[in-house]
$ cat start27.tsv   # TSV, C-alpha atoms
chain	number	residue	atom	x	y	z
A	1	GLN	CA	-16.86	0.70	10.38
A	2	VAL	CA	-14.50	-0.55	7.69
A	3	GLN	CA	-11.76	-3.05	8.63
A	4	LEU	CA	-8.76	-3.63	6.39
A	5	VAL	CA	-6.57	-6.72	6.09
A	6	GLU	CA	-3.29	-6.70	4.15
A	7	SER	CA	-1.70	-9.79	2.66
A	8	GLY	CA	0.99	-10.76	0.20
A	9	GLY	CA	4.10	-9.71	2.06
A	10	GLY	CA	7.14	-11.93	2.42
A	11	LEU	CA	10.80	-12.42	1.64
A	12	VAL	CA	11.96	-11.73	-1.90
A	13	GLN	CA	15.35	-11.38	-3.56
A	14	PRO	CA	16.50	-8.05	-5.00
A	15	GLY	CA	14.97	-7.55	-8.42
A	16	GLY	CA	11.98	-9.70	-7.55
A	17	SER	CA	8.28	-8.90	-7.39
A	18	LEU	CA	5.47	-9.05	-4.88
A	19	THR	CA	1.82	-8.08	-4.97
A	20	LEU	CA	0.23	-6.77	-1.80
A	21	SER	CA	-3.52	-6.86	-1.30
A	22	CYS	CA	-5.74	-4.86	1.02
A	23	THR	CA	-9.20	-6.27	1.51
A	24	ALA	CA	-12.06	-4.63	3.34
A	25	THR	CA	-13.55	-7.32	5.58
A	26	SER	CA	-16.35	-5.00	6.60
A	27	GLY	CA	-17.55	-1.93	4.79
A	28	ARG	CA	-17.05	-1.09	1.15
A	29	LEU	CA	-13.90	0.40	-0.39
A	30	ALA	CA	-16.10	2.07	-2.99
A	31	ASN	CA	-17.48	4.31	-0.23
A	32	PHE	CA	-14.07	5.94	0.22
A	33	GLY	CA	-12.61	8.48	-2.13
A	34	ALA	CA	-9.10	8.41	-0.73
A	35	MET	CA	-7.01	5.30	-0.13
A	36	GLY	CA	-3.50	4.07	-0.59
A	37	TRP	CA	-0.35	2.52	0.82
A	38	TYR	CA	2.29	3.72	3.27
A	39	ARG	CA	5.36	1.92	4.55
A	40	GLN	CA	7.53	2.09	7.64
A	41	ALA	CA	11.08	0.81	7.85
A	42	PRO	CA	12.79	0.13	11.21
A	43	GLY	CA	13.81	3.37	12.87
A	44	LYS	CA	12.11	5.49	10.23
A	45	GLU	CA	8.86	7.39	9.97
A	46	ARG	CA	5.92	6.08	8.02
A	47	GLU	CA	6.07	7.34	4.42
A	48	LEU	CA	3.65	7.47	1.52
A	49	VAL	CA	4.16	4.89	-1.22
A	50	ALA	CA	1.16	5.37	-3.52
A	51	ARG	CA	-2.37	6.61	-3.23
A	52	PHE	CA	-5.67	7.36	-4.87
A	53	PRO	CA	-6.47	10.88	-3.63
A	54	SER	CA	-10.05	12.00	-3.16
A	55	VAL	CA	-9.49	14.47	-6.02
A	56	GLY	CA	-6.98	14.20	-8.84
A	57	VAL	CA	-4.78	11.49	-10.26
A	58	THR	CA	-2.91	8.65	-8.65
A	59	ASN	CA	0.20	9.71	-6.71
A	60	TYR	CA	3.43	7.78	-6.35
A	61	ALA	CA	6.47	8.50	-4.21
A	62	ASP	CA	9.49	9.27	-6.35
A	63	PHE	CA	11.35	6.25	-5.01
A	64	VAL	CA	8.75	3.81	-6.42
A	65	LYS	CA	7.81	5.45	-9.72
A	66	ASP	CA	7.95	3.05	-12.67
A	67	ARG	CA	8.39	0.11	-10.26
A	68	PHE	CA	5.14	-0.01	-8.26
A	69	THR	CA	1.54	0.13	-9.47
A	70	ILE	CA	-1.50	0.76	-7.30
A	71	SER	CA	-4.88	-0.54	-8.37
A	72	ARG	CA	-8.33	-1.12	-6.95
A	73	ASP	CA	-11.18	-3.50	-7.69
A	74	ASN	CA	-14.40	-2.28	-6.13
A	75	ALA	CA	-16.23	-5.46	-7.11
A	76	LYS	CA	-13.71	-7.52	-5.09
A	77	ASN	CA	-13.51	-4.88	-2.36
A	78	THR	CA	-9.74	-4.97	-2.74
A	79	MET	CA	-6.87	-2.59	-3.38
A	80	SER	CA	-3.51	-3.89	-4.59
A	81	LEU	CA	0.08	-2.77	-4.85
A	82	GLN	CA	2.15	-4.49	-7.54
A	83	MET	CA	5.83	-4.13	-6.68
A	84	ASN	CA	8.50	-4.90	-9.27
A	85	SER	CA	12.27	-4.51	-9.32
A	86	LEU	CA	12.37	-4.61	-5.54
A	87	LYS	CA	15.41	-3.23	-3.74
A	88	PRO	CA	16.75	-3.90	-0.23
A	89	GLU	CA	15.71	-0.37	0.72
A	90	ASP	CA	12.08	-1.33	0.01
A	91	THR	CA	12.19	-3.51	3.13
A	92	ALA	CA	9.47	-2.25	5.46
A	93	VAL	CA	6.06	-2.95	6.90
A	94	TYR	CA	3.47	-1.88	4.35
A	95	PHE	CA	0.14	-0.47	5.51
A	96	CYS	CA	-2.97	0.25	3.51
A	97	TYR	CA	-5.47	2.92	4.52
A	98	VAL	CA	-8.77	4.46	3.56
A	99	ALA	CA	-9.84	7.96	4.46
A	100	ASP	CA	-12.94	10.05	4.70
A	101	LYS	CA	-13.40	12.11	7.89
A	102	LEU	CA	-11.12	9.59	9.62
A	103	VAL	CA	-8.23	7.45	8.49
A	104	THR	CA	-8.51	3.69	8.94
A	105	TRP	CA	-5.35	1.57	8.74
A	106	GLY	CA	-4.74	-2.08	8.18
A	107	GLN	CA	-2.45	-4.05	10.49
A	108	GLY	CA	0.47	-4.06	8.06
A	109	THR	CA	2.36	-6.73	6.15
A	110	GLN	CA	6.12	-7.24	6.24
A	111	VAL	CA	8.12	-7.02	3.03
A	112	THR	CA	11.76	-8.06	3.21
A	113	VAL	CA	14.04	-7.71	0.20
A	114	SER	CA	17.26	-9.60	0.74
A	115	SER	CA	19.55	-12.07	-0.94
$ encode --input "start27.tsv" --output "structure tokens"
Amino acid sequence: QVQLVESGGGLVQPGGSLTLSCTATSGRLANFGAMGWYRQAPGKERELVARFPSVGVTNYADFVKDRFTISRDNAKNTMSLQMNSLKPEDTAVYFCYVADKLVTWGQGTQVTVSS
């Protein structure tokens, strides 16, 4: 069974950048057709940020278009989320996932955007 570990979160000033990584510590990301990133802010529901669907092109939430870029490196067994021009409203716990018949989540990494 695949296990996912996120890293790269932290505190950043508005306008700054962070890169989140999601590494499969067991299993292979290449075995999954669907994967991506969600986030959850305090008191809010978990929401989609970006994803590679099993069919079709990469999807981005409207609130991150032109600021965030999702990528994957099957050789490194890692998926990344490059986040630029960060805003205070991007503050949340960010979760990566992979999906086939089931959805497997990572433990999450905190991103705080504040001056």
$ closest_residue --input "start27.tsv" --among "A:Leu29, A:Ala41, A:Val98, A:Leu20" --to "Ile70 of chain A" --atoms "only C-alpha atoms"
A:Leu20
$ axis_aligned_box --input "start27.tsv" --around "segment 91-97 of chain A" --padding-each-side "3 Å" --output "JSON"
{"center_x": 3.4, "center_y": -0.3, "center_z": 5.0, "size_x": 23.7, "size_y": 12.4, "size_z": 9.8}
$ atom_distance --input "start27.tsv" --atom1 "atom CA of Val103 of chain A" --atom2 "atom CA of Thr19 of chain A"
22.9 Å
$ atom_distance --input "start27.tsv" --atom1 "atom CA of Asp62 of chain A" --atom2 "atom CA of Gln107 of chain A"
24.6 Å
$ closest_residue --input "start27.tsv" --among "A:Glu89, A:Gly36, A:Gly10, A:Thr69" --to "Cys22 of chain A" --atoms "all atoms listed in the file"
A:Gly36
$ closest_residue --input "start27.tsv" --among "A:Phe52, A:Trp105, A:Ser85, A:Thr78" --to "Val64 of chain A" --atoms "only C-alpha atoms"
A:Ser85
$ residues_around --input "start27.tsv" --residues "Arg67 of chain A" --least-positions-apart "3" --cutoff "10 Å" --atoms "all atoms listed in the file" --output "list in words"
Ser17, Tyr60, Phe63, Val64, Gln82, Met83, Asn84, Ser85 and Leu86 of chain A
$ atom_distance --input "start27.tsv" --atom1 "atom CA of Tyr97 of chain A" --atom2 "atom CA of Gly16 of chain A"
24.7 Å
$ residues_around --input "start27.tsv" --residues "Thr112 of chain A" --least-positions-apart "3" --cutoff "10 Å" --atoms "all atoms listed in the file" --output "list in words"
Gly9, Gly10, Leu11, Val12, Gln13, Pro14, Leu86, Lys87, Pro88, Glu89, Asp90, Thr91, Ala92, Val93, Thr109 and Ser115 of chain A
$ residues_near_point --input "start27.tsv" --point "(-20.0, -0.7, 11.1)" --cutoff "8 Å" --atoms "only C-alpha atoms" --output "number ranges by chain"
A: 1-2, 26-27
$ residues_near_point --input "start27.tsv" --point "(-13.3, 11.0, -2.8)" --cutoff "10 Å" --atoms "all atoms listed in the file" --output "list in words"
Ala30, Asn31, Phe32, Gly33, Ala34, Met35, Phe52, Pro53, Ser54, Val55, Gly56, Ala99 and Asp100 of chain A
$ closest_residue --input "start27.tsv" --among "A:Ala61, A:Gly43, A:Lys101, A:Gly106" --to "Ala24 of chain A" --atoms "all atoms listed in the file"
A:Gly106
$ closest_residue --input "start27.tsv" --among "A:Leu4, A:Leu18, A:Val57, A:Ala75" --to "Gln110 of chain A" --atoms "only C-alpha atoms"
A:Leu18
$ closest_residue --input "start27.tsv" --among "A:Ser7, A:Ser21, A:Pro42, A:Trp37" --to "Thr104 of chain A" --atoms "all atoms listed in the file"
A:Trp37
